[in-house]
Every structure is written in C-alpha cells, then in structure tokens.
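> Got a structure for you, run.cif, holding mmCIF, C-alpha atoms and all ligand atoms.
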data_my_file
loop_
_atom_site.group_PDB
_atom_site.id
_atom_site.type_symbol
_atom_site.label_atom_id
_atom_site.label_comp_id
_atom_site.auth_asym_id
_atom_site.auth_seq_id
_atom_site.Cartn_x
_atom_site.Cartn_y
_atom_site.Cartn_z
ATOM 1 C CA MET A 19 113.872 74.212 95.458
ATOM 2 C CA GLN A 20 114.466 73.067 91.903
ATOM 3 C CA VAL A 21 113.716 75.714 89.238
ATOM 4 C CA VAL A 22 113.016 74.378 85.745
ATOM 5 C CA SER A 23 111.687 75.785 82.519
ATOM 6 C CA SER A 24 111.168 72.699 80.375
ATOM 7 C CA ARG A 25 108.323 70.219 80.391
ATOM 8 C CA SER A 26 110.762 67.327 80.215
ATOM 9 C CA ASP A 27 112.497 68.495 83.416
ATOM 10 C CA VAL A 28 109.119 68.655 85.141
ATOM 11 C CA ARG A 29 108.246 65.140 84.006
ATOM 12 C CA ALA A 30 111.597 63.789 85.246
ATOM 13 C CA ALA A 31 111.186 65.492 88.651
ATOM 14 C CA VAL A 32 107.599 64.272 89.045
ATOM 15 C CA ALA A 33 108.655 60.731 88.080
ATOM 16 C CA ALA A 34 111.382 60.846 90.756
ATOM 17 C CA ALA A 35 108.857 62.055 93.361
ATOM 18 C CA ARG A 36 106.491 59.258 92.343
ATOM 19 C CA ARG A 37 109.279 56.669 92.614
ATOM 20 C CA ASP A 38 109.721 57.862 96.214
ATOM 21 C CA GLY A 39 106.007 57.250 96.761
ATOM 22 C CA LEU A 40 105.217 60.934 97.216
ATOM 23 C CA ARG A 41 101.813 62.515 96.688
ATOM 24 C CA VAL A 42 102.122 65.414 94.242
ATOM 25 C CA ALA A 43 100.403 68.817 94.422
ATOM 26 C CA LEU A 44 100.448 71.588 91.832
ATOM 27 C CA VAL A 45 99.822 75.277 92.494
ATOM 28 C CA PRO A 46 99.347 76.998 89.104
ATOM 29 C CA THR A 47 99.976 80.762 89.184
ATOM 30 C CA MET A 48 100.846 83.676 86.953
ATOM 31 C CA GLY A 49 103.472 84.826 89.448
ATOM 32 C CA TYR A 50 104.057 88.158 91.154
ATOM 33 C CA LEU A 51 103.340 86.169 94.275
ATOM 34 C CA HIS A 52 101.525 87.497 97.328
ATOM 35 C CA ASP A 53 100.223 85.924 100.511
ATOM 36 C CA GLY A 54 97.193 84.593 98.650
ATOM 37 C CA HIS A 55 99.444 82.424 96.476
ATOM 38 C CA LEU A 56 101.473 81.380 99.508
ATOM 39 C CA ALA A 57 98.267 80.260 101.248
ATOM 40 C CA LEU A 58 97.717 77.951 98.245
ATOM 41 C CA VAL A 59 101.197 76.510 98.830
ATOM 42 C CA ASP A 60 100.407 75.964 102.521
ATOM 43 C CA ARG A 61 97.215 74.099 101.617
ATOM 44 C CA ALA A 62 99.046 72.079 98.968
ATOM 45 C CA ARG A 63 101.601 71.106 101.606
ATOM 46 C CA GLU A 64 98.786 69.837 103.860
ATOM 47 C CA LEU A 65 97.391 67.729 101.016
ATOM 48 C CA ALA A 66 100.583 66.346 99.463
ATOM 49 C CA ASP A 67 104.222 65.462 100.165
ATOM 50 C CA TRP A 68 105.737 67.175 97.146
ATOM 51 C CA VAL A 69 104.590 70.635 96.082
ATOM 52 C CA ALA A 70 105.183 72.164 92.663
ATOM 53 C CA MET A 71 104.296 75.668 91.549
ATOM 54 C CA SER A 72 104.020 76.936 87.994
ATOM 55 C CA ILE A 73 104.520 80.557 87.029
ATOM 56 C CA PHE A 74 103.323 81.398 83.557
ATOM 57 C CA VAL A 75 101.578 84.534 82.343
ATOM 58 C CA ASN A 76 99.327 82.749 79.902
ATOM 59 C CA PRO A 77 98.744 84.848 76.773
ATOM 60 C CA LEU A 78 95.762 82.720 75.781
ATOM 61 C CA GLN A 79 93.617 84.060 78.628
ATOM 62 C CA PHE A 80 94.185 87.771 77.894
ATOM 63 C CA GLY A 81 91.993 89.706 75.475
ATOM 64 C CA PRO A 82 93.575 91.944 72.813
ATOM 65 C CA SER A 83 93.118 95.131 74.860
ATOM 66 C CA GLU A 84 94.047 93.597 78.225
ATOM 67 C CA ASP A 85 97.195 93.896 80.344
ATOM 68 C CA LEU A 86 99.282 90.942 79.076
ATOM 69 C CA ASP A 87 102.356 93.041 78.353
ATOM 70 C CA ARG A 88 102.292 95.046 81.537
ATOM 71 C CA TYR A 89 101.176 92.210 83.837
ATOM 72 C CA PRO A 90 103.634 92.415 86.791
ATOM 73 C CA ARG A 91 106.499 89.925 86.666
ATOM 74 C CA ASP A 92 109.431 89.322 89.031
ATOM 75 C CA LEU A 93 110.692 85.774 88.776
ATOM 76 C CA GLU A 94 113.657 86.268 91.100
ATOM 77 C CA ARG A 95 111.480 87.565 93.922
ATOM 78 C CA ASP A 96 108.853 84.875 93.249
ATOM 79 C CA ALA A 97 111.469 82.111 93.373
ATOM 80 C CA ALA A 98 112.743 83.407 96.731
ATOM 81 C CA LEU A 99 109.203 83.515 98.166
ATOM 82 C CA ALA A 100 108.283 80.081 96.821
ATOM 83 C CA SER A 101 111.483 78.517 98.101
ATOM 84 C CA ALA A 102 111.082 80.084 101.553
ATOM 85 C CA ARG A 103 107.531 78.678 101.677
ATOM 86 C CA GLY A 104 108.781 75.151 100.954
ATOM 87 C CA VAL A 105 107.892 74.698 97.285
ATOM 88 C CA ASP A 106 109.857 71.719 95.932
ATOM 89 C CA LEU A 107 109.818 72.586 92.260
ATOM 90 C CA LEU A 108 109.146 75.828 90.410
ATOM 91 C CA PHE A 109 108.216 75.557 86.724
ATOM 92 C CA ALA A 110 108.646 78.851 84.859
ATOM 93 C CA PRO A 111 108.310 78.082 81.156
ATOM 94 C CA THR A 112 108.602 80.466 78.240
ATOM 95 C CA ARG A 113 105.702 81.044 75.901
ATOM 96 C CA ALA A 114 107.450 78.893 73.269
ATOM 97 C CA GLU A 115 107.856 76.057 75.767
ATOM 98 C CA MET A 116 104.145 76.093 76.588
ATOM 99 C CA TYR A 117 102.905 76.729 73.060
ATOM 100 C CA PRO A 118 105.635 75.347 70.787
ATOM 101 C CA GLY A 119 103.302 75.342 67.801
ATOM 102 C CA GLY A 120 101.963 78.827 68.526
ATOM 103 C CA GLU A 121 98.236 79.118 69.157
ATOM 104 C CA PRO A 122 97.025 75.568 69.916
ATOM 105 C CA TRP A 123 94.745 73.882 67.390
ATOM 106 C CA VAL A 124 92.853 72.184 70.166
ATOM 107 C CA ALA A 125 91.604 74.153 73.154
ATOM 108 C CA VAL A 126 89.287 73.480 76.081
ATOM 109 C CA ILE A 127 86.135 75.453 75.366
ATOM 110 C CA PRO A 128 83.570 75.467 78.180
ATOM 111 C CA GLU A 129 80.009 74.730 77.059
ATOM 112 C CA HIS A 130 78.390 76.393 80.061
ATOM 113 C CA GLY A 131 79.151 78.940 82.732
ATOM 114 C CA ALA A 132 81.783 80.913 80.851
ATOM 115 C CA ASP A 133 79.600 83.456 79.073
ATOM 116 C CA ARG A 134 78.424 85.335 82.143
ATOM 117 C CA LEU A 135 80.021 87.093 85.139
ATOM 118 C CA CYS A 136 83.688 87.611 84.124
ATOM 119 C CA GLY A 137 83.087 85.824 80.823
ATOM 120 C CA ALA A 138 80.610 88.473 79.668
ATOM 121 C CA SER A 139 83.373 91.057 79.273
ATOM 122 C CA ARG A 140 86.218 88.572 78.670
ATOM 123 C CA PRO A 141 84.752 86.266 75.995
ATOM 124 C CA ARG A 142 87.783 83.991 75.411
ATOM 125 C CA HIS A 143 89.241 84.243 78.896
ATOM 126 C CA PHE A 144 88.052 80.920 80.322
ATOM 127 C CA ARG A 145 88.952 79.087 77.116
ATOM 128 C CA GLY A 146 92.500 80.323 77.722
ATOM 129 C CA VAL A 147 92.451 79.460 81.431
ATOM 130 C CA LEU A 148 91.059 75.946 80.938
ATOM 131 C CA THR A 149 93.437 75.216 78.087
ATOM 132 C CA VAL A 150 96.555 76.188 80.032
ATOM 133 C CA VAL A 151 95.358 74.448 83.200
ATOM 134 C CA ALA A 152 94.636 71.286 81.181
ATOM 135 C CA LYS A 153 98.165 71.493 79.760
ATOM 136 C CA LEU A 154 99.694 71.998 83.219
ATOM 137 C CA LEU A 155 97.698 69.058 84.569
ATOM 138 C CA GLY A 156 98.932 67.014 81.607
ATOM 139 C CA ILE A 157 102.546 67.998 82.262
ATOM 140 C CA PHE A 158 102.489 67.395 86.041
ATOM 141 C CA ALA A 159 99.759 64.735 86.390
ATOM 142 C CA PRO A 160 99.371 65.874 90.019
ATOM 143 C CA ASP A 161 97.158 64.210 92.623
ATOM 144 C CA VAL A 162 95.769 67.592 93.604
ATOM 145 C CA ALA A 163 95.807 71.110 92.142
ATOM 146 C CA VAL A 164 95.116 74.138 94.319
ATOM 147 C CA PHE A 165 93.359 77.373 93.275
ATOM 148 C CA GLY A 166 92.063 80.504 95.002
ATOM 149 C CA GLN A 167 88.441 81.328 95.785
ATOM 150 C CA LYS A 168 88.899 84.909 94.574
ATOM 151 C CA ASP A 169 88.646 83.545 91.025
ATOM 152 C CA PHE A 170 85.603 81.499 91.978
ATOM 153 C CA GLN A 171 84.177 81.249 88.435
ATOM 154 C CA GLN A 172 87.549 79.957 87.263
ATOM 155 C CA ALA A 173 87.611 77.458 90.151
ATOM 156 C CA THR A 174 84.105 76.224 89.309
ATOM 157 C CA LEU A 175 84.979 75.763 85.628
ATOM 158 C CA ILE A 176 88.257 74.008 86.442
ATOM 159 C CA ARG A 177 86.454 71.662 88.811
ATOM 160 C CA ARG A 178 83.914 70.929 86.077
ATOM 161 C CA MET A 179 86.676 70.359 83.525
ATOM 162 C CA ALA A 180 88.458 67.917 85.840
ATOM 163 C CA ALA A 181 85.204 66.022 86.434
ATOM 164 C CA ASP A 182 83.791 66.177 82.894
ATOM 165 C CA LEU A 183 87.085 65.134 81.254
ATOM 166 C CA ASP A 184 87.971 62.585 83.973
ATOM 167 C CA LEU A 185 91.345 64.173 84.539
ATOM 168 C CA GLY A 186 91.931 62.183 87.732
ATOM 169 C CA VAL A 187 92.994 65.163 89.818
ATOM 170 C CA ASP A 188 91.434 66.632 92.956
ATOM 171 C CA ILE A 189 90.721 70.354 92.702
ATOM 172 C CA GLU A 190 91.129 72.204 95.975
ATOM 173 C CA VAL A 191 89.910 75.780 96.470
ATOM 174 C CA VAL A 192 91.382 77.989 99.198
ATOM 175 C CA PRO A 193 89.618 81.006 100.768
ATOM 176 C CA THR A 194 90.603 84.493 99.604
ATOM 177 C CA VAL A 195 93.384 86.163 101.575
ATOM 178 C CA ARG A 196 92.708 89.817 102.407
ATOM 179 C CA GLU A 197 94.614 92.836 103.615
ATOM 180 C CA PRO A 198 93.679 93.813 107.206
ATOM 181 C CA ASP A 199 91.273 96.436 105.783
ATOM 182 C CA GLY A 200 89.485 93.819 103.640
ATOM 183 C CA LEU A 201 91.023 94.364 100.199
ATOM 184 C CA ALA A 202 91.368 90.988 98.460
ATOM 185 C CA LEU A 203 94.991 90.266 97.574
ATOM 186 C CA SER A 204 95.667 90.349 93.852
ATOM 187 C CA SER A 205 98.795 90.751 91.763
ATOM 188 C CA ARG A 206 96.926 93.549 89.963
ATOM 189 C CA ASN A 207 96.644 95.599 93.193
ATOM 190 C CA VAL A 208 100.091 96.901 92.271
ATOM 191 C CA TYR A 209 98.379 99.012 89.576
ATOM 192 C CA LEU A 210 96.261 100.896 92.161
ATOM 193 C CA THR A 211 97.150 104.452 93.121
ATOM 194 C CA ASN A 212 96.607 105.376 96.792
ATOM 195 C CA GLY A 213 93.260 106.907 95.860
ATOM 196 C CA ASP A 214 92.231 103.847 93.829
ATOM 197 C CA ARG A 215 93.185 101.575 96.684
ATOM 198 C CA GLU A 216 90.960 103.544 99.068
ATOM 199 C CA ARG A 217 88.075 103.405 96.575
ATOM 200 C CA ALA A 218 88.672 99.681 95.971
ATOM 201 C CA LEU A 219 87.724 98.943 99.577
ATOM 202 C CA ALA A 220 84.108 99.542 98.533
ATOM 203 C CA LEU A 221 84.121 96.076 96.908
ATOM 204 C CA SER A 222 84.920 94.070 100.025
ATOM 205 C CA ARG A 223 82.719 96.350 102.151
ATOM 206 C CA ALA A 224 79.751 95.815 99.826
ATOM 207 C CA LEU A 225 80.282 92.051 99.952
ATOM 208 C CA GLU A 226 80.575 92.147 103.732
ATOM 209 C CA GLY A 227 77.254 94.019 103.690
ATOM 210 C CA CYS A 228 75.706 91.023 101.878
ATOM 211 C CA ARG A 229 77.158 88.659 104.429
ATOM 212 C CA SER A 230 75.677 90.693 107.280
ATOM 213 C CA LEU A 231 72.260 90.925 105.624
ATOM 214 C CA PHE A 232 72.224 87.154 105.116
ATOM 215 C CA ALA A 233 73.348 86.548 108.692
ATOM 216 C CA ALA A 234 70.462 88.758 109.792
ATOM 217 C CA GLY A 235 68.010 86.566 107.876
ATOM 218 C CA GLU A 236 67.730 88.139 104.412
ATOM 219 C CA VAL A 237 67.276 85.462 101.745
ATOM 220 C CA ASP A 238 66.020 87.542 98.814
ATOM 221 C CA ALA A 239 68.867 87.608 96.287
ATOM 222 C CA GLU A 240 67.522 90.775 94.680
ATOM 223 C CA VAL A 241 67.932 92.641 97.983
ATOM 224 C CA LEU A 242 71.592 91.580 98.089
ATOM 225 C CA ARG A 243 72.123 92.531 94.435
ATOM 226 C CA ALA A 244 70.572 95.934 95.082
ATOM 227 C CA LEU A 245 72.900 96.448 98.052
ATOM 228 C CA LEU A 246 75.924 95.602 95.897
ATOM 229 C CA ARG A 247 74.829 97.917 93.080
ATOM 230 C CA ARG A 248 74.035 100.739 95.508
ATOM 231 C CA SER A 249 77.334 100.396 97.386
ATOM 232 C CA LEU A 250 79.335 100.319 94.172
ATOM 233 C CA SER A 251 77.639 103.131 92.299
ATOM 234 C CA THR A 252 80.087 105.678 93.584
ATOM 235 C CA GLU A 253 82.459 108.013 91.778
ATOM 236 C CA GLY A 254 85.686 106.371 90.633
ATOM 237 C CA ILE A 255 84.145 102.886 90.483
ATOM 238 C CA GLU A 256 82.842 101.508 87.223
ATOM 239 C CA LEU A 257 80.775 98.479 88.102
ATOM 240 C CA GLU A 258 80.953 95.615 85.614
ATOM 241 C CA TYR A 259 78.711 93.151 87.421
ATOM 242 C CA ALA A 260 77.256 92.502 90.841
ATOM 243 C CA ASP A 261 75.512 89.165 91.158
ATOM 244 C CA VAL A 262 74.364 86.521 93.567
ATOM 245 C CA VAL A 263 74.852 83.057 92.102
ATOM 246 C CA ASP A 264 74.885 79.354 92.756
ATOM 247 C CA PRO A 265 78.537 78.268 93.136
ATOM 248 C CA GLU A 266 78.097 75.131 91.028
ATOM 249 C CA THR A 267 75.842 76.298 88.192
ATOM 250 C CA LEU A 268 76.980 79.960 88.310
ATOM 251 C CA GLN A 269 73.338 80.872 87.666
ATOM 252 C CA PRO A 270 71.700 83.878 89.367
ATOM 253 C CA GLN A 271 69.742 82.949 92.479
ATOM 254 C CA ILE A 272 66.268 84.059 93.497
ATOM 255 C CA ARG A 273 66.636 82.972 97.112
ATOM 256 C CA VAL A 274 70.041 82.675 98.718
ATOM 257 C CA GLY A 275 71.320 80.008 101.087
ATOM 258 C CA ARG A 276 74.535 78.735 102.569
ATOM 259 C CA GLY A 277 77.151 78.433 99.841
ATOM 260 C CA THR A 278 75.586 81.094 97.599
ATOM 261 C CA VAL A 279 78.280 83.363 96.172
ATOM 262 C CA CYS A 280 77.948 87.145 96.022
ATOM 263 C CA ALA A 281 80.368 88.342 93.357
ATOM 264 C CA VAL A 282 81.450 91.660 91.900
ATOM 265 C CA ALA A 283 83.774 92.971 89.201
ATOM 266 C CA ALA A 284 84.577 96.644 88.796
ATOM 267 C CA ARG A 285 87.134 98.986 87.330
ATOM 268 C CA VAL A 286 88.822 101.214 89.866
ATOM 269 C CA GLY A 287 90.982 103.763 88.094
ATOM 270 C CA GLY A 288 92.111 101.719 85.106
ATOM 271 C CA THR A 289 92.302 98.476 87.071
ATOM 272 C CA ARG A 290 89.791 95.664 86.824
ATOM 273 C CA LEU A 291 89.206 94.039 90.216
ATOM 274 C CA ILE A 292 87.063 91.066 91.194
ATOM 275 C CA ASP A 293 85.960 89.856 94.592
ATOM 276 C CA ASN A 294 83.345 87.578 96.138
ATOM 277 C CA VAL A 295 82.089 86.111 99.381
ATOM 278 C CA VAL A 296 80.483 82.772 100.071
ATOM 279 C CA LEU A 297 77.456 83.133 102.310
ATOM 280 C CA ALA A 298 77.946 80.956 105.348
ATOM 281 C CA GLY A 299 76.542 82.984 108.218
ATOM 282 C CA ILE A 300 73.513 82.004 110.234
ATOM 283 C CA SER A 301 70.390 82.719 108.280
ATOM 284 C CA ALA A 302 66.971 82.716 109.878
ATOM 285 C CA ASP A 303 65.676 80.973 106.787
ATOM 286 C CA PRO A 304 68.309 78.959 104.941
ATOM 287 C CA ALA A 305 67.142 78.393 101.365
HETATM 288 O O1 LIG A 401 94.485 82.170 88.492
HETATM 289 C C1 LIG A 401 95.503 82.300 87.776
HETATM 290 O O2 LIG A 401 96.526 82.817 88.210
HETATM 291 C C2 LIG A 401 95.482 81.813 86.340
HETATM 292 O O3 LIG A 401 94.239 82.017 85.764
HETATM 293 C C3 LIG A 401 95.915 80.338 86.209
HETATM 294 C C4 LIG A 401 94.943 79.409 86.914
HETATM 295 C C5 LIG A 401 97.309 80.159 86.760
HETATM 296 C C6 LIG A 401 95.934 79.947 84.720
HETATM 297 O O4 LIG A 401 96.798 80.749 83.996
#
Please lay out the structure from this file as structure tokens.

Amino acid sequence: MQVVSSRSDVRAAVAAARRDGLRVALVPTMGYLHDGHLALVDRARELADWVAMSIFVNPLQFGPSEDLDRYPRDLERDAALASARGVDLLFAPTRAEMYPGGEPWVAVIPEHGADRLCGASRPRHFRGVLTVVAKLLGIFAPDVAVFGQKDFQQATLIRRMAADLDLGVDIEVVPTVREPDGLALSSRNVYLTNGDRERALALSRALEGCRSLFAAGEVDAEVLRALLRRSLSTEGIELEYADVVDPETLQPQIRVGRGTVCAVAARVGGTRLIDNVVLAGISADPA
C-alpha cells in the first residue's frame, strides 16, 4: 500500500491507475479504523479494481465545543489495518494540505435536509462534511465513493450533492456493522466507559423494537417514535432526537413503509452516539 500526504501524489497515483485501465474507488474516513470502515473497503473492492482510502479529521465539520482535538487518532495502526485489508493507496493529509488557504471561501452548503436530525444540534456540520467530501472527490475523481449507513443523513446529503452538482461519481452506502450485542461500531465508542457502553445498547435495542413492530404490521410512524422515546428515556441517556423519516427527503413520516429510516441520536455519558435502522421486514400493510 502506498501512503501519501499530498494531493499531487494522489493525482499521480490515480492517473497511473487510470492508465492501467483500472476502476477507482474512494473510501473517505476520519480514521481510527474499525470493522465498519473495513466493510467499506470490502465493498469498494467489489465495485472497483483500485481502492483508495483517505484519513482526515476534518476540522470544518466540528462545532466549536465538539471533540475535534480529542477525536481518536492512530495513523500507524490505521495504515496497518488498511494495508492488510488490501487498500492500494492511503491519503493522510495535514490540515494545511487540505485547506492551504485556511477556511475555504467557497463551501458546499446544503439547501435542504441539513437543518434537522443531526443538523439541528450541529448547524454547520453538513456544510463541513459536504465541503471536504467535494474536495476529496475533486482530488481523486473516483468512479465510486463508499460511505456507511450509520451516518445515513450524511449519506443522503452526499448522494444529493453528487447528483445535484453532476459530480460523475457513484455513491455507495454500506450497512452498519455492529458488535455481537448490537452496538453500532463507531470510532467514538472508545470514549464510552463500561457503564456507558452497557447503557448505549438501549439505542440499538430501541431501533430493533421498531423493526419488530413494523414486521408485525405496525405502520403508524408515531407509534414507532413513541417506542423510541420511551425506550430511550432512561437514566444516563440524554435523547437528542428519535425520528422516523423518509430516507431520500429526510422528512418525518406519518405512515412507514419499506425503506423508512428510524433514527436516533443521544448522549451517553459525555459521548454523542447516533444509530438507525432501515425498515425492511415484512409488514402487513406496506405504505
Ligand atoms: O463519515 C466520516 O467519517 C466523515 O464525515 C467523512 C465522510 C470522512 C468526511 O469527513
């Protein structure tokens, strides 16, 4: 695996891959890799011949009181994991390499879908995500870029950006990888104490509850929302949102159907966690 930190090295490596007629995939990450990231690499490998990963903790997507400085980082370990998984090129730029002029003058600001769910408490977050992803897509010009379903609002907005701005890249979204007990993998899980980790299981259990209700025929979104709120109003969990939304418009649903997303965000201890499920079970009355 080639490890590079400059945009010009990326461009040279991508040009060489293209000369060899290879199809190029990009897996953008913020590092501190876990099996969820490695599942993105596996999917990228199925979709392309040459797989690149970026690792960049993007300051633009963190709010002033968020965890930018303490976000977990371990480039050496990440490089070993990426290489063992068959990544061809790892791009780990500095902040100055990505933002040579400091804060960019031009950013990608979503018109819709970014002010609710995670965007309600993180007002400039998706502006930061879309801007860095647009830059990465500009640097790599990949055929396909692969993201995780856990950040489903991010995935929806990135897909919209790629379509609305005609970026000429396929956006692939890979199901969330979970611990055996259901906890969604996240680099931020490292912040959880043992007690927090136990309490955090309430998120995936509540979402599983929605899946079961839907499979049993429940199509009233308010019933699912109430289940989420009830399950997550327990000591040690500070619920931020629990919603049942359309995956494309991100708007709250009245009746649910296949593809509807049940999504939650909550603070457990000091750690903000998000999780979601896509309803796909057999409903007696698909909406
Ligand atoms: O999902 C992430 O890890 C980040 O938001 C991304 C897409 C790499 C942009 O910084």
> Between CA of Arg276 (chain A) and CA of Leu297 (chain A), what distance in Å does the model show, to one decimal?
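Separation of CA of Arg276 (chain A) and CA of Leu297 (chain A): 5.3 Å.
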> Quick one: of A:Leu65, A:Ala260, A:Val191, A:Ala244, who's nearest to Arg41 (chain A), counting all atoms listed in the file?
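Of A:Leu65, A:Ala260, A:Val191, A:Ala244, the one nearest Arg41 (chain A), counting all atoms listed in the file, is A:Leu65.
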> I want to know what sits within 12 Å of Asp85 (chain A), based on all atoms listed in the file, with residues of the same chain fewer than 3 positions away left out; could you give that as a PyMOL selection string?
chain A and resi 75-77+79-82+88-91+205-206+209+288-290
> Give me a file of those residues, with C-alpha atoms, as a PDB file, in the frame of the given file.

ATOM      1  CA  VAL A  75     101.578  84.534  82.343  1.00  0.00           C
ATOM      2  CA  ASN A  76      99.327  82.749  79.902  1.00  0.00           C
ATOM      3  CA  PRO A  77      98.744  84.848  76.773  1.00  0.00           C
ATOM      4  CA  GLN A  79      93.617  84.060  78.628  1.00  0.00           C
ATOM      5  CA  PHE A  80      94.185  87.771  77.894  1.00  0.00           C
ATOM      6  CA  GLY A  81      91.993  89.706  75.475  1.00  0.00           C
ATOM      7  CA  PRO A  82      93.575  91.944  72.813  1.00  0.00           C
ATOM      8  CA  ARG A  88     102.292  95.046  81.537  1.00  0.00           C
ATOM      9  CA  TYR A  89     101.176  92.210  83.837  1.00  0.00           C
ATOM     10  CA  PRO A  90     103.634  92.415  86.791  1.00  0.00           C
ATOM     11  CA  ARG A  91     106.499  89.925  86.666  1.00  0.00           C
ATOM     12  CA  SER A 205      98.795  90.751  91.763  1.00  0.00           C
ATOM     13  CA  ARG A 206      96.926  93.549  89.963  1.00  0.00           C
ATOM     14  CA  TYR A 209      98.379  99.012  89.576  1.00  0.00           C
ATOM     15  CA  GLY A 288      92.111 101.719  85.106  1.00  0.00           C
ATOM     16  CA  THR A 289      92.302  98.476  87.071  1.00  0.00           C
ATOM     17  CA  ARG A 290      89.791  95.664  86.824  1.00  0.00           C
TER      18      ARG A 290
END
> Restrict the calculation to all atoms listed in the file, then for each residue of chain A with any atom at most 8 Å from an atom of ligand LIG 401 (chain A) give the closest atom pair and their distance in Å to one decimal, rows by chain and rising residue number, as a Markdown table.

| residue | atom | partner | partner_atom | distance |
| --- | --- | --- | --- | --- |
| A:Val45 | CA | A:LIG401 | C5 | 7.9 |
| A:Pro46 | CA | A:LIG401 | C5 | 4.4 |
| A:Thr47 | CA | A:LIG401 | C5 | 3.7 |
| A:Met48 | CA | A:LIG401 | O2 | 4.6 |
| A:Gly49 | CA | A:LIG401 | O2 | 7.3 |
| A:Ser72 | CA | A:LIG401 | C5 | 7.5 |
| A:Ile73 | CA | A:LIG401 | C5 | 7.2 |
| A:Phe74 | CA | A:LIG401 | O4 | 6.6 |
| A:Val75 | CA | A:LIG401 | O4 | 6.3 |
| A:Asn76 | CA | A:LIG401 | O4 | 5.2 |
| A:Gln79 | CA | A:LIG401 | O4 | 7.1 |
| A:Gly146 | CA | A:LIG401 | O4 | 7.6 |
| A:Val147 | CA | A:LIG401 | C6 | 4.8 |
| A:Leu148 | CA | A:LIG401 | C6 | 7.4 |
| A:Val150 | CA | A:LIG401 | C6 | 6.0 |
| A:Val151 | CA | A:LIG401 | C6 | 5.7 |
| A:Phe165 | CA | A:LIG401 | C4 | 6.9 |
| A:Gly166 | CA | A:LIG401 | O1 | 7.1 |
| A:Asp169 | CA | A:LIG401 | O1 | 6.5 |
| A:Gln172 | CA | A:LIG401 | O3 | 7.2 |
> Report, in Å to a single decimal, how far apart CA of Asp264 (chain A) and CA of Glu129 (chain A) are.
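Straight-line distance from CA of Glu129 (chain A) to CA of Asp264 (chain A) works out to 17.1 Å.
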> So that I can check the surroundings of Ala98 (chain A), please list as a list in words every protein, DNA and RNA residue that reaches within 12 Å of it, counting all atoms listed in the file and ignoring chain neighbours fewer than 2 positions away.
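So, after excluding close chain neighbours, the residues are Met19, Gln20, Val21, Gly49, Tyr50, Leu51, His52, Leu56, Asp92, Leu93, Glu94, Arg95, Asp96, Ala100, Ser101, Ala102, Arg103, Gly104, Val105 and Leu108 of chain A.
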> Fewer than 6 positions away in the same chain doesn't count, so skip those; otherwise give me all residues within 7 Å of region 113-126 of chain A, counting all atoms listed in the file, as a list in words.
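These residues fall inside the cut-off: Ser24, Arg145, Leu148 and Thr149 of chain A.
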> CA of Gly254 (chain A) and CA of Ala202 (chain A) are how many Å apart?
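Rounded to one decimal, the two atoms are 18.2 Å apart.
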> On this structure, which residues satisfy the PyMOL selection byres (((chain A and resi 44) around 10) and not hetatm), written as JSON, numbers by chain?
{"A": [42, 43, 45, 46, 47, 58, 59, 62, 63, 66, 68, 69, 70, 71, 72, 105, 107, 108, 154, 155, 158, 159, 160, 161, 162, 163, 164, 165, 189]}
> Using all atoms listed in the file, find the one residue out of A:Gly137, A:Gly227, A:Pro193, A:Gly277 that sits nearest to Leu250 (chain A).
A:Gly227
> Run the PyMOL selection byres (((chain A and resi 284) around 7) and not hetatm) against the file shown and list the residues it catches, as a ChimeraX atom specification.
/A:255-259,282-283,285-286,290-292
> Using all atoms listed in the file, which residues sit within 12 Å of Thr174 (chain A) once same-chain residues fewer than 5 positions away are excluded, as a ChimeraX atom specification?
/A:128,130-132,144,147-148,165-169,179-182,189-191,263-269,279
> Put those residues in a file: C-alpha atoms, as a PDB file, in the frame of the given file.

ATOM      1  CA  PRO A 128      83.570  75.467  78.180  1.00  0.00           C
ATOM      2  CA  HIS A 130      78.390  76.393  80.061  1.00  0.00           C
ATOM      3  CA  GLY A 131      79.151  78.940  82.732  1.00  0.00           C
ATOM      4  CA  ALA A 132      81.783  80.913  80.851  1.00  0.00           C
ATOM      5  CA  PHE A 144      88.052  80.920  80.322  1.00  0.00           C
ATOM      6  CA  VAL A 147      92.451  79.460  81.431  1.00  0.00           C
ATOM      7  CA  LEU A 148      91.059  75.946  80.938  1.00  0.00           C
ATOM      8  CA  PHE A 165      93.359  77.373  93.275  1.00  0.00           C
ATOM      9  CA  GLY A 166      92.063  80.504  95.002  1.00  0.00           C
ATOM     10  CA  GLN A 167      88.441  81.328  95.785  1.00  0.00           C
ATOM     11  CA  LYS A 168      88.899  84.909  94.574  1.00  0.00           C
ATOM     12  CA  ASP A 169      88.646  83.545  91.025  1.00  0.00           C
ATOM     13  CA  MET A 179      86.676  70.359  83.525  1.00  0.00           C
ATOM     14  CA  ALA A 180      88.458  67.917  85.840  1.00  0.00           C
ATOM     15  CA  ALA A 181      85.204  66.022  86.434  1.00  0.00           C
ATOM     16  CA  ASP A 182      83.791  66.177  82.894  1.00  0.00           C
ATOM     17  CA  ILE A 189      90.721  70.354  92.702  1.00  0.00           C
ATOM     18  CA  GLU A 190      91.129  72.204  95.975  1.00  0.00           C
ATOM     19  CA  VAL A 191      89.910  75.780  96.470  1.00  0.00           C
ATOM     20  CA  VAL A 263      74.852  83.057  92.102  1.00  0.00           C
ATOM     21  CA  ASP A 264      74.885  79.354  92.756  1.00  0.00           C
ATOM     22  CA  PRO A 265      78.537  78.268  93.136  1.00  0.00           C
ATOM     23  CA  GLU A 266      78.097  75.131  91.028  1.00  0.00           C
ATOM     24  CA  THR A 267      75.842  76.298  88.192  1.00  0.00           C
ATOM     25  CA  LEU A 268      76.980  79.960  88.310  1.00  0.00           C
ATOM     26  CA  GLN A 269      73.338  80.872  87.666  1.00  0.00           C
ATOM     27  CA  VAL A 279      78.280  83.363  96.172  1.00  0.00           C
TER      28      VAL A 279
END
